[in-house]
$ cat protein_11.cif   # mmCIF, C-alpha atoms
data_target
#
loop_
_atom_site.group_PDB
_atom_site.id
_atom_site.type_symbol
_atom_site.label_atom_id
_atom_site.label_comp_id
_atom_site.auth_asym_id
_atom_site.auth_seq_id
_atom_site.Cartn_x
_atom_site.Cartn_y
_atom_site.Cartn_z
ATOM 1 C CA MET M 112 -8.730 -16.895 -14.910
ATOM 2 C CA LYS M 113 -6.733 -18.850 -12.315
ATOM 3 C CA ARG M 114 -3.445 -17.553 -13.766
ATOM 4 C CA PHE M 115 -4.784 -14.004 -13.601
ATOM 5 C CA ARG M 116 -5.627 -14.357 -9.881
ATOM 6 C CA ILE M 117 -2.214 -15.851 -9.135
ATOM 7 C CA LEU M 118 -0.455 -13.042 -11.054
ATOM 8 C CA LEU M 119 -2.531 -10.395 -9.282
ATOM 9 C CA ALA M 120 -1.790 -11.907 -5.850
ATOM 10 C CA ALA M 121 1.934 -12.071 -6.681
ATOM 11 C CA LEU M 122 1.964 -8.410 -7.774
ATOM 12 C CA PHE M 123 0.169 -7.370 -4.603
ATOM 13 C CA VAL M 124 2.527 -9.322 -2.321
ATOM 14 C CA ALA M 125 5.578 -8.035 -4.211
ATOM 15 C CA ALA M 126 4.395 -4.456 -3.809
ATOM 16 C CA LEU M 127 3.827 -4.871 -0.083
ATOM 17 C CA SER M 128 7.144 -6.618 0.582
ATOM 18 C CA ALA M 129 9.488 -4.828 -1.818
ATOM 19 C CA ALA M 130 13.031 -4.162 -0.625
ATOM 20 C CA ALA M 131 13.527 -1.106 1.555
ATOM 21 C CA ALA M 132 15.222 1.972 0.120
ATOM 22 C CA VAL M 133 18.756 2.744 1.291
ATOM 23 C CA ASN M 134 19.084 6.177 2.914
ATOM 24 C CA ASP M 135 22.332 7.411 4.568
ATOM 25 C CA GLY M 136 23.597 3.885 5.248
ATOM 26 C CA GLY M 137 20.363 2.923 7.007
ATOM 27 C CA TYR M 138 17.120 1.556 5.741
ATOM 28 C CA THR M 139 13.916 3.502 5.415
ATOM 29 C CA VAL M 140 10.840 1.352 5.037
ATOM 30 C CA LEU M 141 8.384 2.660 2.461
ATOM 31 C CA LYS M 142 4.912 2.017 3.836
ATOM 32 C CA PRO M 143 2.023 1.459 1.464
ATOM 33 C CA LYS M 144 -0.672 4.122 1.624
ATOM 34 C CA PHE M 145 -4.371 3.519 1.131
ATOM 35 C CA THR M 146 -5.817 5.335 -1.861
ATOM 36 C CA TRP M 147 -9.146 5.513 -3.588
ATOM 37 C CA GLY M 148 -10.472 7.324 -6.599
ATOM 38 C CA ALA M 149 -13.109 7.737 -9.263
ATOM 39 C CA ASP M 150 -13.131 8.161 -13.041
ATOM 40 C CA VAL M 151 -15.828 9.361 -15.424
ATOM 41 C CA GLY M 152 -15.583 9.207 -19.171
ATOM 42 C CA ALA M 153 -16.871 7.966 -22.470
ATOM 43 C CA SER M 154 -16.059 5.038 -24.717
ATOM 44 C CA ILE M 155 -16.606 5.160 -28.472
ATOM 45 C CA ASP M 156 -17.505 1.795 -30.050
ATOM 46 C CA MET M 157 -15.011 0.972 -32.826
ATOM 47 C CA SER M 158 -16.568 -2.417 -33.658
ATOM 48 C CA GLY M 159 -19.679 -1.074 -35.405
ATOM 49 C CA ASN M 160 -22.206 -2.414 -32.874
ATOM 50 C CA ASP M 161 -23.607 1.005 -31.848
ATOM 51 C CA MET M 162 -22.600 0.401 -28.206
ATOM 52 C CA SER M 163 -20.835 3.670 -27.264
ATOM 53 C CA SER M 164 -21.105 4.290 -23.546
ATOM 54 C CA LEU M 165 -20.774 6.676 -20.634
ATOM 55 C CA ASP M 166 -18.487 5.185 -17.982
ATOM 56 C CA VAL M 167 -18.123 5.630 -14.211
ATOM 57 C CA ASP M 168 -15.471 3.748 -12.186
ATOM 58 C CA ILE M 169 -14.621 3.638 -8.470
ATOM 59 C CA THR M 170 -11.316 2.141 -7.269
ATOM 60 C CA PHE M 171 -9.777 1.185 -3.910
ATOM 61 C CA GLY M 172 -6.201 0.121 -3.320
ATOM 62 C CA MET M 173 -2.730 1.179 -2.267
ATOM 63 C CA ARG M 174 0.198 3.185 -3.582
ATOM 64 C CA ARG M 175 3.862 2.835 -2.829
ATOM 65 C CA GLY M 176 6.990 3.914 -4.677
ATOM 66 C CA TRP M 177 6.707 3.262 -8.402
ATOM 67 C CA LEU M 178 3.207 1.812 -7.960
ATOM 68 C CA ASN M 179 0.910 4.799 -8.334
ATOM 69 C CA PHE M 180 -2.045 2.486 -7.710
ATOM 70 C CA LEU M 181 -2.581 -1.246 -7.179
ATOM 71 C CA GLY M 182 -6.061 -2.387 -6.235
ATOM 72 C CA PHE M 183 -9.561 -3.259 -7.274
ATOM 73 C CA GLY M 184 -12.415 -1.400 -8.879
ATOM 74 C CA VAL M 185 -15.979 -1.556 -10.075
ATOM 75 C CA GLY M 186 -17.603 0.367 -12.877
ATOM 76 C CA ALA M 187 -20.881 1.091 -14.607
ATOM 77 C CA ASP M 188 -20.890 1.495 -18.390
ATOM 78 C CA ILE M 189 -24.236 2.717 -19.716
ATOM 79 C CA MET M 190 -24.755 2.520 -23.478
ATOM 80 C CA VAL M 191 -26.142 5.755 -24.930
ATOM 81 C CA SER M 192 -28.062 4.391 -27.933
ATOM 82 C CA ASN M 193 -29.932 1.514 -26.250
ATOM 83 C CA SER M 194 -30.765 0.066 -22.847
ATOM 84 C CA CYS M 195 -27.707 -2.200 -22.572
ATOM 85 C CA ARG M 196 -25.287 -1.825 -19.693
ATOM 86 C CA SER M 197 -22.139 -3.452 -18.363
ATOM 87 C CA PHE M 198 -20.616 -3.577 -14.914
ATOM 88 C CA PRO M 199 -16.874 -4.314 -14.987
ATOM 89 C CA LEU M 200 -15.161 -5.748 -11.891
ATOM 90 C CA PHE M 201 -11.404 -5.403 -12.266
ATOM 91 C CA ALA M 202 -7.936 -5.330 -10.775
ATOM 92 C CA GLU M 203 -5.970 -2.188 -11.644
ATOM 93 C CA LEU M 204 -2.279 -1.403 -11.917
ATOM 94 C CA ARG M 205 -1.138 2.183 -12.508
ATOM 95 C CA THR M 206 2.560 2.975 -12.697
ATOM 96 C CA ASN M 207 5.060 5.469 -14.040
ATOM 97 C CA PHE M 208 7.967 2.959 -13.578
ATOM 98 C CA VAL M 209 10.019 5.363 -11.399
ATOM 99 C CA ASP M 210 9.914 6.424 -7.729
ATOM 100 C CA ARG M 211 9.472 10.113 -8.484
ATOM 101 C CA PRO M 212 6.404 11.980 -9.767
ATOM 102 C CA THR M 213 6.056 12.239 -13.556
ATOM 103 C CA VAL M 214 3.529 13.715 -15.931
ATOM 104 C CA ALA M 215 2.661 10.466 -17.740
ATOM 105 C CA PHE M 216 1.747 6.998 -16.456
ATOM 106 C CA TRP M 217 0.471 3.642 -17.732
ATOM 107 C CA ASP M 218 -2.815 2.122 -16.573
ATOM 108 C CA LEU M 219 -3.916 -1.524 -16.894
ATOM 109 C CA ARG M 220 -7.270 -2.963 -15.813
ATOM 110 C CA LEU M 221 -8.168 -6.647 -16.140
ATOM 111 C CA GLY M 222 -11.229 -8.470 -14.908
ATOM 112 C CA ALA M 223 -14.750 -9.569 -15.738
ATOM 113 C CA SER M 224 -17.722 -7.653 -17.059
ATOM 114 C CA LEU M 225 -21.321 -8.399 -16.137
ATOM 115 C CA ASN M 226 -23.128 -7.643 -19.399
ATOM 116 C CA TYR M 227 -26.861 -6.948 -19.642
ATOM 117 C CA LEU M 228 -27.616 -7.169 -23.363
ATOM 118 C CA GLU M 229 -30.455 -6.762 -25.818
ATOM 119 C CA HIS M 230 -33.451 -9.144 -25.631
ATOM 120 C CA ASN M 231 -32.968 -9.615 -21.834
ATOM 121 C CA HIS M 232 -29.764 -11.651 -22.133
ATOM 122 C CA GLN M 233 -27.141 -11.594 -19.388
ATOM 123 C CA GLN M 234 -23.547 -12.809 -19.681
ATOM 124 C CA THR M 235 -20.203 -12.498 -18.005
ATOM 125 C CA GLY M 236 -17.125 -11.937 -20.164
ATOM 126 C CA PHE M 237 -13.539 -10.759 -20.037
ATOM 127 C CA PHE M 238 -12.897 -7.030 -19.512
ATOM 128 C CA GLY M 239 -9.647 -5.221 -20.216
ATOM 129 C CA PHE M 240 -8.453 -1.625 -20.410
ATOM 130 C CA THR M 241 -5.009 -0.267 -21.121
ATOM 131 C CA GLY M 242 -4.002 3.278 -21.739
ATOM 132 C CA VAL M 243 -1.736 6.186 -21.072
ATOM 133 C CA GLY M 244 -2.590 8.806 -18.495
ATOM 134 C CA PHE M 245 -1.468 12.328 -17.772
ATOM 135 C CA ASN M 246 -1.450 13.915 -14.319
ATOM 136 C CA LEU M 247 -3.243 17.261 -14.309
ATOM 137 C CA ALA M 248 -2.989 18.527 -10.734
ATOM 138 C CA ARG M 249 -1.238 16.926 -7.791
ATOM 139 C CA SER M 250 -0.658 17.489 -4.096
ATOM 140 C CA ALA M 251 0.374 15.233 -1.210
ATOM 141 C CA LYS M 252 -3.188 13.931 -0.730
ATOM 142 C CA PHE M 253 -4.904 14.527 -4.078
ATOM 143 C CA SER M 254 -4.246 14.049 -7.771
ATOM 144 C CA SER M 255 -6.305 14.413 -10.922
ATOM 145 C CA HIS M 256 -5.627 12.771 -14.261
ATOM 146 C CA LEU M 257 -6.766 12.312 -17.849
ATOM 147 C CA MET M 258 -6.509 8.867 -19.511
ATOM 148 C CA LEU M 259 -6.718 7.827 -23.157
ATOM 149 C CA GLY M 260 -6.895 4.137 -23.923
ATOM 150 C CA TYR M 261 -8.373 1.004 -25.410
ATOM 151 C CA THR M 262 -11.165 -1.033 -23.791
ATOM 152 C CA PHE M 263 -12.118 -4.617 -24.683
ATOM 153 C CA ARG M 264 -15.339 -6.268 -23.577
ATOM 154 C CA GLN M 265 -16.066 -9.903 -24.418
ATOM 155 C CA ARG M 266 -19.542 -10.956 -25.498
ATOM 156 C CA SER M 267 -20.560 -14.321 -26.891
ATOM 157 C CA ARG M 268 -23.319 -15.640 -29.111
ATOM 158 C CA VAL M 269 -26.570 -16.643 -27.405
ATOM 159 C CA GLU M 270 -28.537 -19.558 -28.831
ATOM 160 C CA GLY M 271 -32.147 -19.847 -27.763
ATOM 161 C CA PRO M 272 -35.000 -22.158 -28.711
ATOM 162 C CA GLU M 273 -36.484 -19.621 -31.116
ATOM 163 C CA MET M 274 -33.603 -17.431 -32.212
ATOM 164 C CA THR M 275 -29.830 -17.053 -32.172
ATOM 165 C CA HIS M 276 -28.381 -13.688 -31.152
ATOM 166 C CA PRO M 277 -24.894 -13.161 -32.622
ATOM 167 C CA PHE M 278 -23.317 -10.849 -30.032
ATOM 168 C CA HIS M 279 -19.770 -9.811 -30.977
ATOM 169 C CA ASP M 280 -16.869 -8.613 -28.832
ATOM 170 C CA LEU M 281 -16.677 -4.860 -28.303
ATOM 171 C CA HIS M 282 -13.613 -2.675 -28.924
ATOM 172 C CA TYR M 283 -13.622 0.894 -27.619
ATOM 173 C CA ALA M 284 -11.526 4.047 -27.734
ATOM 174 C CA SER M 285 -11.906 5.474 -24.234
ATOM 175 C CA VAL M 286 -11.224 8.798 -22.566
ATOM 176 C CA LYS M 287 -11.508 9.220 -18.778
ATOM 177 C CA ILE M 288 -10.953 12.019 -16.320
ATOM 178 C CA GLY M 289 -10.499 11.143 -12.684
ATOM 179 C CA VAL M 290 -9.274 11.898 -9.205
ATOM 180 C CA SER M 291 -7.365 9.935 -6.572
ATOM 181 C CA PHE M 292 -7.146 10.616 -2.858
#
$ encode --input "protein_11.cif" --output "structure tokens"
Amino acid sequence: MKRFRILLAALFVAALSAAAAVNDGGYTVLKPKFTWGADVGASIDMSGNDMSSLDVDITFGMRRGWLNFLGFGVGADIMVSNSCRSFPLFAELRTNFVDRPTVAFWDLRLGASLNYLEHNHQQTGFFGFTGVGFNLARSAKFSSHLMLGYTFRQRSRVEGPEMTHPFHDLHYASVKIGVSF
């Protein structure tokens, strides 16, 4: 987890202090812009644990150049077949790898998930999402997108005085639709 925080801090500092773009022999400083957004979607459980969920995420961060988004987010994943729920807290990187607008982009989210499981158990585990996104509509201050990806949520076995609960890691196919401002 310490390496993850160091990597995230390095990415953030690099994005804020990247070299200026050359324009007509002079330098034009690209200023980072504050951005925020929200996603809603669904995740289908591929691990056979009957834990498919409805997902809502809110993100806050910055954009600049080839970084479409770099920031932090929080989510709520509510399982549809039982009363379990998870609340991921994550760092997000969204990029299209070029300084001009494109149709497709890559999204990466890494962090921790606060899991509220069956039989009143609570745990914290690793959370990760990666996927490809497609811009739907875009203007200078607004964009909408559709993302398809893979979500991983770590859960571990719980041993109690009366019973052991063998919770397994969850693997999801996820689809999200969202907006950014």
$ resolve_selection --input "protein_11.cif" --expression "the PyMOL selection byres ((chain M and resi 286) around 12)" --output "MDAnalysis selection string"
chainID M and resid 150:155 163:167 240:245 256:262 283:285 287:289
$ residues_around --input "protein_11.cif" --residues "M:Ser197" --least-positions-apart "2" --cutoff "8 Å" --atoms "only C-alpha atoms" --output "list of chain:residue names"
M:Ala187, M:Asp188, M:Ile189, M:Cys195, M:Pro199, M:Ser224, M:Leu225, M:Asn226, M:Tyr227
$ resolve_selection --input "protein_11.cif" --expression "the PyMOL selection byres ((chain M and resi 207) around 7)" --output "PDB file with C-alpha atoms, in the coordinates of the input"
ATOM      1  CA  TRP M 177       6.707   3.262  -8.402  1.00  0.00           C
ATOM      2  CA  THR M 206       2.560   2.975 -12.697  1.00  0.00           C
ATOM      3  CA  PHE M 208       7.967   2.959 -13.578  1.00  0.00           C
ATOM      4  CA  VAL M 209      10.019   5.363 -11.399  1.00  0.00           C
ATOM      5  CA  THR M 213       6.056  12.239 -13.556  1.00  0.00           C
ATOM      6  CA  ALA M 215       2.661  10.466 -17.740  1.00  0.00           C
ATOM      7  CA  PHE M 216       1.747   6.998 -16.456  1.00  0.00           C
ATOM      8  CA  TRP M 217       0.471   3.642 -17.732  1.00  0.00           C
TER       9      TRP M 217
END
$ closest_residue --input "protein_11.cif" --among "M:Gly184, M:Arg264, M:Ser291, M:Ser158" --to "M:Gln234" --atoms "only C-alpha atoms"
M:Arg264
$ resolve_selection --input "protein_11.cif" --expression "the PyMOL selection byres ((chain M and resi 265) around 6)" --output "PyMOL selection string"
chain M and resi 236-237+264+266+280
$ atom_distance --input "protein_11.cif" --atom1 "atom CA of M:Arg220" --atom2 "atom CA of M:Phe238"
7.9 Å
$ atom_distance --input "protein_11.cif" --atom1 "atom CA of M:Ser192" --atom2 "atom CA of M:Asn160"
10.2 Å
$ atom_distance --input "protein_11.cif" --atom1 "atom CA of M:His282" --atom2 "atom CA of M:Gly239"
9.9 Å
$ axis_aligned_box --input "protein_11.cif" --around "stretch 197-211 of chain M" --padding-each-side "5 Å" --output "AutoDock Vina command-line options"
--center_x -6.1 --center_y 2.2 --center_z -13.0 --size_x 42.2 --size_y 25.9 --size_z 20.6
$ closest_residue --input "protein_11.cif" --among "M:Gly159, M:Pro277, M:Gly172, M:Pro143" --to "M:Leu228" --atoms "all atoms listed in the file"
M:Pro277
$ closest_residue --input "protein_11.cif" --among "M:Asn231, M:Asn246, M:Ser255, M:Asn193" --to "M:Asp161" --atoms "only C-alpha atoms"
M:Asn193
$ closest_residue --input "protein_11.cif" --among "M:Met157, M:Ala202, M:Val290, M:Ala223" --to "M:Leu181" --atoms "only C-alpha atoms"
M:Ala202
$ closest_residue --input "protein_11.cif" --among "M:Phe171, M:Phe278, M:Trp147, M:Phe198" --to "M:Ser254" --atoms "only C-alpha atoms"
M:Trp147
$ build_atoms --input "protein_11.cif" --residues "stretch 245-268 of chain M" --atoms "N, CA, C and O atoms" --output "compact mmCIF listing (two decimals), in the coordinates of the input"
# COMPACT_ATOMS: atom_id res chain seq x y z
N PHE M 245 -2.23 11.11 -18.01
CA PHE M 245 -1.47 12.33 -17.77
C PHE M 245 -1.99 12.98 -16.50
O PHE M 245 -3.19 13.22 -16.36
N ASN M 246 -1.08 13.25 -15.56
CA ASN M 246 -1.45 13.92 -14.32
C ASN M 246 -1.73 15.38 -14.60
O ASN M 246 -0.95 16.06 -15.27
N LEU M 247 -2.86 15.87 -14.09
CA LEU M 247 -3.24 17.26 -14.31
C LEU M 247 -2.85 18.14 -13.13
O LEU M 247 -2.16 19.12 -13.28
N ALA M 248 -3.32 17.79 -11.95
CA ALA M 248 -2.99 18.53 -10.73
C ALA M 248 -2.63 17.51 -9.67
O ALA M 248 -3.18 16.42 -9.63
N ARG M 249 -1.70 17.89 -8.78
CA ARG M 249 -1.24 16.93 -7.79
C ARG M 249 -0.81 17.64 -6.52
O ARG M 249 -0.18 18.69 -6.56
N SER M 250 -1.15 17.04 -5.39
CA SER M 250 -0.66 17.49 -4.10
C SER M 250 -0.31 16.24 -3.30
O SER M 250 -0.35 15.13 -3.83
N ALA M 251 0.00 16.39 -2.03
CA ALA M 251 0.37 15.23 -1.21
C ALA M 251 -0.80 14.28 -1.00
O ALA M 251 -0.60 13.08 -0.84
N LYS M 252 -2.03 14.78 -1.02
CA LYS M 252 -3.19 13.93 -0.73
C LYS M 252 -4.19 13.83 -1.87
O LYS M 252 -5.22 13.17 -1.72
N PHE M 253 -3.92 14.46 -3.00
CA PHE M 253 -4.90 14.53 -4.08
C PHE M 253 -4.18 14.55 -5.41
O PHE M 253 -3.12 15.14 -5.53
N SER M 254 -4.75 13.91 -6.40
CA SER M 254 -4.25 14.05 -7.77
C SER M 254 -5.40 13.89 -8.75
O SER M 254 -6.35 13.16 -8.48
N SER M 255 -5.32 14.57 -9.85
CA SER M 255 -6.30 14.41 -10.92
C SER M 255 -5.56 14.00 -12.19
O SER M 255 -4.38 14.28 -12.35
N HIS M 256 -6.28 13.30 -13.07
CA HIS M 256 -5.63 12.77 -14.26
C HIS M 256 -6.61 12.67 -15.42
O HIS M 256 -7.82 12.68 -15.23
N LEU M 257 -6.04 12.55 -16.61
CA LEU M 257 -6.77 12.31 -17.85
C LEU M 257 -6.16 11.07 -18.48
O LEU M 257 -4.93 10.96 -18.56
N MET M 258 -7.00 10.10 -18.89
CA MET M 258 -6.51 8.87 -19.51
C MET M 258 -7.12 8.68 -20.90
O MET M 258 -8.31 8.96 -21.10
N LEU M 259 -6.30 8.21 -21.81
CA LEU M 259 -6.72 7.83 -23.16
C LEU M 259 -6.32 6.38 -23.34
O LEU M 259 -5.18 6.02 -23.07
N GLY M 260 -7.26 5.54 -23.82
CA GLY M 260 -6.90 4.14 -23.92
C GLY M 260 -7.84 3.31 -24.76
O GLY M 260 -8.74 3.82 -25.45
N TYR M 261 -7.62 2.01 -24.67
CA TYR M 261 -8.37 1.00 -25.41
C TYR M 261 -9.09 0.10 -24.41
O TYR M 261 -8.49 -0.35 -23.44
N THR M 262 -10.37 -0.15 -24.64
CA THR M 262 -11.16 -1.03 -23.79
C THR M 262 -11.68 -2.20 -24.62
O THR M 262 -12.15 -2.01 -25.74
N PHE M 263 -11.58 -3.40 -24.05
CA PHE M 263 -12.12 -4.62 -24.68
C PHE M 263 -13.16 -5.22 -23.76
O PHE M 263 -12.96 -5.31 -22.56
N ARG M 264 -14.28 -5.60 -24.34
CA ARG M 264 -15.34 -6.27 -23.58
C ARG M 264 -15.80 -7.49 -24.37
O ARG M 264 -16.20 -7.38 -25.52
N GLN M 265 -15.71 -8.65 -23.75
CA GLN M 265 -16.07 -9.90 -24.42
C GLN M 265 -17.57 -10.15 -24.31
O GLN M 265 -18.16 -10.02 -23.24
N ARG M 266 -18.15 -10.51 -25.45
CA ARG M 266 -19.54 -10.96 -25.50
C ARG M 266 -19.58 -12.20 -26.38
O ARG M 266 -18.81 -12.32 -27.32
N SER M 267 -20.48 -13.11 -26.09
CA SER M 267 -20.56 -14.32 -26.89
C SER M 267 -21.97 -14.50 -27.45
O SER M 267 -22.93 -13.88 -27.00
N ARG M 268 -22.06 -15.36 -28.43
CA ARG M 268 -23.32 -15.64 -29.11
C ARG M 268 -24.27 -16.36 -28.16
O ARG M 268 -23.86 -17.20 -27.37
